[in-house]
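*Asks:* Structure file query-v7.csv (CSV, C-alpha atoms and all ligand atoms) is given on the next line.
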chain,number,residue,atom,x,y,z
A,206,MET,CA,20.6,18.3,8.8
A,207,ALA,CA,19.4,14.7,8.9
A,208,ASP,CA,21.1,11.3,8.2
A,209,ILE,CA,18.0,10.1,6.4
A,210,LEU,CA,15.6,12.1,4.3
A,211,VAL,CA,12.3,10.4,3.3
A,212,PHE,CA,10.1,11.9,0.6
A,213,GLY,CA,6.4,11.2,0.4
A,214,ALA,CA,3.7,12.5,-1.9
A,215,HIS,CA,0.9,12.3,0.7
A,216,PRO,CA,0.8,12.7,4.5
A,217,ASP,CA,0.7,8.9,5.2
A,218,ASP,CA,3.1,7.7,2.5
A,219,ALA,CA,6.3,7.5,4.6
A,220,GLU,CA,4.6,5.9,7.7
A,221,PHE,CA,2.5,3.5,5.7
A,222,GLY,CA,5.2,2.7,3.2
A,223,MET,CA,8.4,2.3,5.4
A,224,GLY,CA,7.4,3.5,8.9
A,225,ALA,CA,8.8,0.5,10.7
A,226,SER,CA,12.2,1.0,9.1
A,227,MET,CA,12.0,4.7,10.1
A,228,VAL,CA,11.4,3.6,13.7
A,229,LYS,CA,14.3,1.1,13.4
A,230,PHE,CA,16.6,3.8,12.0
A,231,ALA,CA,15.6,6.4,14.6
A,232,ARG,CA,16.0,4.0,17.5
A,233,SER,CA,19.5,3.1,16.3
A,234,GLY,CA,20.4,6.8,16.6
A,235,ALA,CA,20.0,8.1,13.0
A,236,SER,CA,18.3,11.5,12.6
A,237,ILE,CA,15.4,11.4,10.2
A,238,ALA,CA,13.5,14.1,8.2
A,239,VAL,CA,10.3,13.5,6.3
A,240,CYS,CA,9.4,15.8,3.4
A,241,VAL,CA,5.7,15.5,2.3
A,242,LEU,CA,4.8,17.2,-0.9
A,243,THR,CA,1.0,17.6,-0.4
A,244,ARG,CA,-1.6,17.7,2.3
A,245,GLY,CA,-3.6,14.9,0.7
A,246,GLU,CA,-6.7,17.0,0.3
A,247,ALA,CA,-8.0,14.9,-2.7
A,248,GLY,CA,-8.2,11.7,-0.6
A,249,THR,CA,-11.5,10.1,0.2
A,250,PHE,CA,-11.1,10.8,3.9
A,251,GLY,CA,-9.8,13.8,5.8
A,252,THR,CA,-9.3,17.5,5.1
A,253,ALA,CA,-6.0,19.2,4.4
A,254,GLU,CA,-6.0,20.6,8.0
A,255,GLN,CA,-6.7,17.3,9.6
A,256,ARG,CA,-4.1,15.5,7.6
A,257,GLU,CA,-1.5,18.1,8.4
A,258,ALA,CA,-2.2,17.7,12.1
A,259,GLU,CA,-1.9,13.9,11.7
A,260,MET,CA,1.4,14.0,10.0
A,261,ARG,CA,2.7,16.4,12.7
A,262,ALA,CA,1.6,13.9,15.3
A,263,ALA,CA,3.3,11.0,13.5
A,264,ALA,CA,6.6,13.0,13.1
A,265,GLU,CA,6.5,13.9,16.8
A,266,LYS,CA,6.0,10.2,17.8
A,267,LEU,CA,8.9,9.1,15.6
A,268,GLY,CA,11.1,11.9,16.7
A,269,GLY,CA,11.8,13.2,13.2
A,270,GLU,CA,11.7,16.5,11.5
A,271,LEU,CA,8.9,17.3,9.1
A,272,GLU,CA,8.9,19.5,6.0
A,273,ILE,CA,5.6,20.1,4.3
A,274,LEU,CA,5.6,21.5,0.8
A,275,SER,CA,2.6,23.1,-0.9
A,276,TYR,CA,1.9,21.0,-4.0
A,277,ARG,CA,-1.7,20.1,-4.7
A,278,ASP,CA,-2.8,16.6,-4.3
A,279,CYS,CA,-3.0,14.8,-7.7
A,280,GLN,CA,-1.0,17.6,-9.3
A,281,ILE,CA,2.6,16.4,-8.8
A,282,PHE,CA,4.5,16.5,-12.0
A,283,ASP,CA,8.1,16.2,-13.0
A,284,THR,CA,8.9,19.8,-13.9
A,285,TYR,CA,12.1,21.9,-13.6
A,286,GLU,CA,10.5,23.9,-10.8
A,287,ALA,CA,9.7,20.7,-8.9
A,288,ARG,CA,13.2,19.3,-9.3
A,289,ILE,CA,14.6,22.6,-8.0
A,290,ARG,CA,12.3,22.7,-5.1
A,291,LEU,CA,13.2,19.2,-4.0
A,292,ALA,CA,16.9,19.8,-4.6
A,293,GLU,CA,16.5,22.7,-2.1
A,294,VAL,CA,15.1,20.2,0.4
A,295,VAL,CA,18.0,17.9,-0.2
A,296,ARG,CA,20.5,20.8,0.3
A,297,LYS,CA,18.7,21.9,3.5
A,298,PHE,CA,18.8,18.5,5.2
A,299,ARG,CA,22.1,17.2,3.7
A,300,PRO,CA,21.1,13.5,4.1
A,301,ARG,CA,23.4,10.5,3.6
A,302,ILE,CA,20.5,8.4,2.4
A,303,ILE,CA,17.4,9.6,0.5
A,304,PHE,CA,14.2,7.5,0.3
A,305,ALA,CA,11.4,8.0,-2.2
A,306,PRO,CA,8.4,6.1,-3.6
A,307,TYR,CA,9.5,3.9,-6.5
A,308,HIS,CA,9.4,5.9,-9.7
A,309,THR,CA,7.7,3.5,-12.0
A,310,ASN,CA,4.5,1.5,-11.5
A,311,HIS,CA,2.7,-0.1,-14.4
A,312,SER,CA,-0.1,-1.5,-12.4
A,313,TYR,CA,-2.1,1.7,-12.0
A,314,HIS,CA,-5.6,1.2,-10.7
A,315,LYS,CA,-5.4,-1.8,-8.4
A,316,ASP,CA,-2.0,-1.6,-6.7
A,317,GLY,CA,-2.4,0.6,-3.6
A,318,ALA,CA,1.1,1.9,-4.1
A,319,ALA,CA,0.4,3.0,-7.7
A,320,HIS,CA,-1.0,6.5,-7.2
A,321,PRO,CA,0.4,8.7,-10.0
A,322,ASP,CA,1.7,11.2,-7.4
A,323,HIS,CA,3.9,8.4,-5.9
A,324,ALA,CA,5.6,7.6,-9.2
A,325,ALA,CA,6.0,11.3,-10.0
A,326,THR,CA,7.6,12.0,-6.6
A,327,GLY,CA,10.1,9.2,-7.2
A,328,THR,CA,10.9,10.6,-10.6
A,329,ILE,CA,11.4,14.1,-9.3
A,330,VAL,CA,13.5,13.0,-6.3
A,331,ARG,CA,15.8,11.0,-8.7
A,332,SER,CA,16.5,14.2,-10.6
A,333,ALA,CA,16.5,16.5,-7.5
A,334,ALA,CA,19.2,14.4,-5.8
A,335,ARG,CA,21.4,15.0,-8.8
A,336,TYR,CA,20.5,18.7,-9.1
A,337,ALA,CA,21.4,19.2,-5.5
A,338,ARG,CA,25.1,18.4,-6.3
A,339,PHE,CA,25.6,21.0,-9.0
A,340,SER,CA,27.3,24.0,-7.5
A,341,GLY,CA,26.5,26.1,-10.6
A,342,LEU,CA,22.8,25.5,-10.3
A,343,LYS,CA,21.9,28.8,-8.6
A,344,ASP,CA,18.2,28.4,-9.1
A,345,ALA,CA,18.2,26.1,-6.1
A,346,ALA,CA,18.9,27.8,-2.8
A,347,GLY,CA,21.4,26.2,-0.4
A,348,GLU,CA,24.9,24.8,-0.6
A,349,PRO,CA,25.5,21.8,-3.0
A,350,TRP,CA,25.1,18.4,-1.4
A,351,ASN,CA,25.8,14.9,-2.7
A,352,ALA,CA,23.7,12.3,-1.0
A,353,GLU,CA,25.4,8.8,-0.9
A,354,HIS,CA,22.3,6.6,-1.7
A,355,ILE,CA,18.8,6.8,-3.1
A,356,LEU,CA,16.6,3.9,-2.0
A,357,TYR,CA,13.0,3.4,-3.1
A,358,TYR,CA,10.1,2.2,-1.0
A,359,MET,CA,6.5,1.4,-2.2
A,360,VAL,CA,7.9,-1.5,-4.3
A,361,PRO,CA,5.3,-2.2,-7.0
A,362,ARG,CA,3.4,-5.5,-6.6
A,363,THR,CA,5.0,-6.7,-9.9
A,364,ARG,CA,8.6,-6.1,-8.7
A,365,LYS,CA,10.7,-7.9,-6.2
A,366,PRO,CA,12.5,-5.8,-3.6
A,367,THR,CA,16.3,-5.8,-3.8
A,368,LEU,CA,16.7,-5.0,-0.1
A,369,LEU,CA,14.7,-6.2,2.8
A,370,ASN,CA,14.8,-4.7,6.3
A,371,ASP,CA,13.8,-7.0,9.2
A,372,VAL,CA,11.5,-4.8,11.3
A,373,THR,CA,9.9,-7.5,13.5
A,374,PRO,CA,10.7,-5.8,16.8
A,375,PHE,CA,9.4,-2.5,15.6
A,376,MET,CA,6.0,-3.4,14.4
A,377,GLY,CA,4.2,-2.3,17.6
A,378,GLU,CA,5.7,1.1,17.5
A,379,TRP,CA,5.1,1.3,13.8
A,380,GLU,CA,1.4,0.6,14.3
A,381,SER,CA,1.1,3.3,16.9
A,382,ILE,CA,2.7,5.9,14.6
A,383,ALA,CA,0.7,4.7,11.6
A,384,ARG,CA,-2.5,5.2,13.7
A,385,CYS,CA,-1.7,8.9,14.0
A,386,HIS,CA,-3.2,9.1,10.5
A,387,THR,CA,-6.7,8.7,12.1
A,388,SER,CA,-8.6,9.9,9.0
A,389,GLN,CA,-7.1,7.1,6.9
A,390,MET,CA,-8.1,4.3,9.2
A,391,SER,CA,-11.4,3.9,7.3
A,392,LEU,CA,-9.6,3.0,4.1
A,393,ARG,CA,-10.0,-0.5,2.7
A,394,ASP,CA,-13.1,-1.0,4.8
A,395,GLY,CA,-11.2,-0.2,8.0
A,396,LYS,CA,-8.6,-2.9,7.2
A,397,VAL,CA,-5.8,-0.6,6.0
A,398,LEU,CA,-3.3,-1.5,8.7
A,399,GLU,CA,-4.2,-5.2,8.4
A,400,GLY,CA,-3.3,-5.0,4.7
A,401,LEU,CA,0.0,-3.2,5.4
A,402,ARG,CA,0.9,-5.8,8.0
A,403,ARG,CA,0.2,-8.6,5.6
A,404,PHE,CA,2.6,-7.0,3.1
A,405,ARG,CA,5.3,-6.9,5.7
A,406,GLU,CA,4.6,-10.5,6.7
A,407,ALA,CA,5.0,-11.6,3.1
A,408,TYR,CA,8.4,-9.8,2.9
A,409,GLY,CA,9.3,-11.3,6.3
A,410,ASN,CA,8.7,-14.8,4.9
A,411,LEU,CA,11.4,-14.1,2.3
A,412,LEU,CA,13.9,-13.6,5.1
A,413,GLY,CA,12.5,-16.2,7.5
A,414,VAL,CA,11.6,-13.5,10.0
A,415,GLY,CA,8.2,-12.1,11.2
A,416,TYR,CA,8.0,-8.8,9.3
A,417,ALA,CA,10.1,-7.0,6.8
A,418,GLU,CA,9.9,-3.9,4.7
A,419,GLY,CA,11.0,-4.0,1.1
A,420,PHE,CA,13.1,-1.5,-1.0
A,421,ILE,CA,14.6,-1.2,-4.4
A,422,VAL,CA,18.2,0.0,-4.8
A,423,GLU,CA,19.1,0.6,-8.4
A,424,GLU,CA,22.7,1.7,-8.2
A,425,PRO,CA,25.4,-1.0,-7.6
A,426,LEU,CA,26.4,-1.1,-3.9
A,427,VAL,CA,30.1,-1.2,-2.8
A,428,PHE,CA,31.0,-4.7,-1.7
A,429,ASP,CA,31.3,-5.1,2.0
A,430,LEU,CA,32.2,-8.5,3.3
A,431,SER,CA,30.6,-7.7,6.7
A,432,LEU,CA,27.2,-7.4,5.0
A,433,PHE,CA,27.4,-11.1,4.1
A,434,MET,CA,29.1,-12.3,7.3
A,435,SER,CA,26.8,-10.7,9.9
A,436,SER,CA,25.5,-13.0,12.6
A,437,SER,CA,21.9,-11.9,11.9
A,438,SER,CA,21.9,-13.8,8.6
A,439,GLN,CA,22.4,-17.1,10.5
A,440,PRO,CA,19.4,-18.8,12.1
A,441,GLY,CA,20.1,-18.8,15.8
A,442,GLY,CA,22.6,-16.0,15.4
A,443,VAL,CA,25.6,-18.2,14.8
A,444,ALA,CA,28.1,-16.1,13.0
A,445,HIS,CA,31.0,-18.4,12.3
A,446,ARG,CA,31.7,-22.0,12.8
A,447,PRO,CA,34.6,-22.5,15.3
A,448,ALA,CA,37.8,-23.5,13.5
A,449,GLY,CA,38.2,-27.2,13.0
A,450,THR,CA,34.5,-28.0,12.8
A,451,ALA,CA,33.0,-29.4,9.7
B,1,ZN,ZN,0.0,8.3,-1.1
Show me, as C-alpha cells, the structure contained in the file I just sent.

*Replies:*
Amino acid sequence: MADILVFGAHPDDAEFGMGASMVKFARSGASIAVCVLTRGEAGTFGTAEQREAEMRAAAEKLGGELEILSYRDCQIFDTYEARIRLAEVVRKFRPRIIFAPYHTNHSYHKDGAAHPDHAATGTIVRSAARYARFSGLKDAAGEPWNAEHILYYMVPRTRKPTLLNDVTPFMGEWESIARCHTSQMSLRDGKVLEGLRRFREAYGNLLGVGYAEGFIVEEPLVFDLSLFMSSSSQPGGVAHRPAGTA
C-alpha cells in the first residue's frame, strides 16, 4: 500500500522529473512507491546492474518502496499486456494519487523529457489506472482499486503546467537523492543537475518562489475554497485581512 505511486520508464525518471515533490510528500508523512518499467540499459551511461543499484539507493534515501518491472529500454509500447501489468501494480499499491510522465510530447529530439518511452509510459498508465478499477478484469491479478487522481510530470517544453509545487526547502535533499544516479551525472556534459535546477527555478519564478516542480492535471478538480484561501498564497504569509481594514 502507498498513498502515492509514481511510475517512471527509466531508473532516474521519477527522481529527475519530480524528486523534490517526492521528498516533500514523504516528509509530510505520505507513503510513496516508485514503479520503474526498465533498467535503462540502452542509455549512454551505466549498465542495467549499475542503474538498478542506483535506483535502489535513491529509493532508500527517499524512504519509498521500489518496484522494478522487466521491460526493455526503448521497447515500451501501449499494449494490452502492458496495461494489465501496470494495472496489477496499481492494484498492489492501492494509491490515492498516481503520477506518470506526460503522455504526449510533440517535441521529440531536443526536449530532454521527450523520450518515446516516457510518453508511452504515460499512455499505458492512463489506461492501467482505469483497468485497475474493473472487477471483471480477471487478467489483472489483485483486488480492484480506484485511484482518485492521475497527475503527470515531465511537462513538455511546449506545455504550461497546470499545477506547481513549491519545493524550495527540499532542493538540497532532492539533489542528494538525484546524485544516487551516479552513472547519469555525465549527461549534458556533466551539467544534468544544473539543467534540472534551472527548470525548477523557471517554474518557481511563476509562483514567486525559489524552486517549483510542474505538473499537468487533465481532469477537473473538485472546488475547495481552502485551496484558494491558504496563507501560503500570500506574500509574507498573510492569510486574511483583519475585519474592518481596507
Ligand atoms: Zn527517462

*Asks:* Under the rule of at most 12 Å, produce a per-residue listing of segment 378-435 of chain A near segment 230-246 of chain A: chain, number, name, the closest pair of atoms, and the distance in Å, as a tab-separated table, using only C-alpha atoms.

*Replies:*
residue	atom	partner	partner_atom	distance
A:Glu378	CA	A:Arg232	CA	10.7
A:Trp379	CA	A:Ala231	CA	11.7
A:His386	CA	A:Gly245	CA	11.4
A:Ser388	CA	A:Gly245	CA	10.9
A:Gln389	CA	A:Gly245	CA	10.6

*Asks:* Sort by chain and increasing residue number a table of all residues of segment 213-248 of chain A within 12 Å of segment 390-394 of chain A, each with its closest pair of atoms and their distance in Å to one decimal, counting only C-alpha atoms, and write it as CSV.

*Replies:*
residue,atom,partner,partner_atom,distance
A:Asp217,CA,A:Met390,CA,10.7
A:Phe221,CA,A:Met390,CA,11.2
A:Gly248,CA,A:Leu392,CA,10.0

*Asks:* Would you compute the distance between atom CA of Ala305 of chain A and atom CA of Leu411 of chain A? Give it in Å to one decimal.

*Replies:*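 Calculated distance between atom CA of Ala305 of chain A and atom CA of Leu411 of chain A is 22.6 Å.
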
*Asks:* Show which residues sit within 10 Å of His308 of chain A, as a PyMOL selection string. Count all atoms listed in the file, and ignore same-chain residues fewer than 4 positions away.

*Replies:* chain A and resi 319+321-331+357-361

*Asks:* Please check which residues have atoms at most 10 Å from (20.9, 10.0, -3.8) in the file's coordinates, counting all atoms listed in the file, and write them as a ChimeraX atom specification.

*Replies:* /A:210,295,300-305,330-335,337-338,350-356,424

*Asks:* Just the number, please: distance in Å from atom CA of Lys343 of chain A to atom CA of Phe298 of chain A, one decimal.

*Replies:*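 A separation of 17.5 Å between them.
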
*Asks:* Between atom CA of Thr363 of chain A and atom CA of Val228 of chain A, measure the distance and give it in Å to one decimal.

*Replies:* 26.5 Å

*Asks:* Between A:Cys279, A:Ala264, A:Leu274, A:Ile382, which has the minimum distance to ligand ZN 1 (chain B) (counting only C-alpha atoms and all ligand atoms)?

*Replies:*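 Of all the options, A:Cys279 lies closest to ligand ZN 1 (chain B).
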
*Asks:* Go through A:Thr309, A:Ala292, A:Arg362, A:Phe404 and flag the residue nearest Phe339 of chain A, using all atoms listed in the file for the distances.

*Replies:* A:Ala292

*Asks:* Give me, as a list in words, the set of residues whose atoms come within 6 Å of any atom of ligand ZN 1 (chain B), counting all atoms listed in the file.

*Replies:*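 The neighbouring residues of ligand ZN 1 (chain B) are, in order, Ala214, His215 and Asp218 of chain A.
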
*Asks:* Please provide the set of residues having any atom within 12 Å of Ala258 of chain A, restricted to only C-alpha atoms, with same-chain residues fewer than 3 positions apart removed, written as an MDAnalysis selection string.

*Replies:* chainID A and resid 216:217 244:245 251:255 261:265 271 273 385:388

*Asks:* Once you count all atoms listed in the file, which residues end up no further than 12 Å from (-0.6, -7.7, 5.4) in the file's frame, shown as a list in words?

*Replies:* Phe221, Met376, Lys396, Val397, Leu398, Glu399, Gly400, Leu401, Arg402, Arg403, Phe404, Arg405, Glu406, Ala407, Tyr408, Gly409, Asn410, Gly415, Tyr416, Ala417 and Glu418 of chain A

*Asks:* Taking into account only C-alpha atoms, which residue in the set A:Arg288, A:Lys297, A:His314, A:Arg384 is nearest to Gly224 of chain A?

*Replies:*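 The answer is A:Arg384, which sits nearest to Gly224 of chain A.
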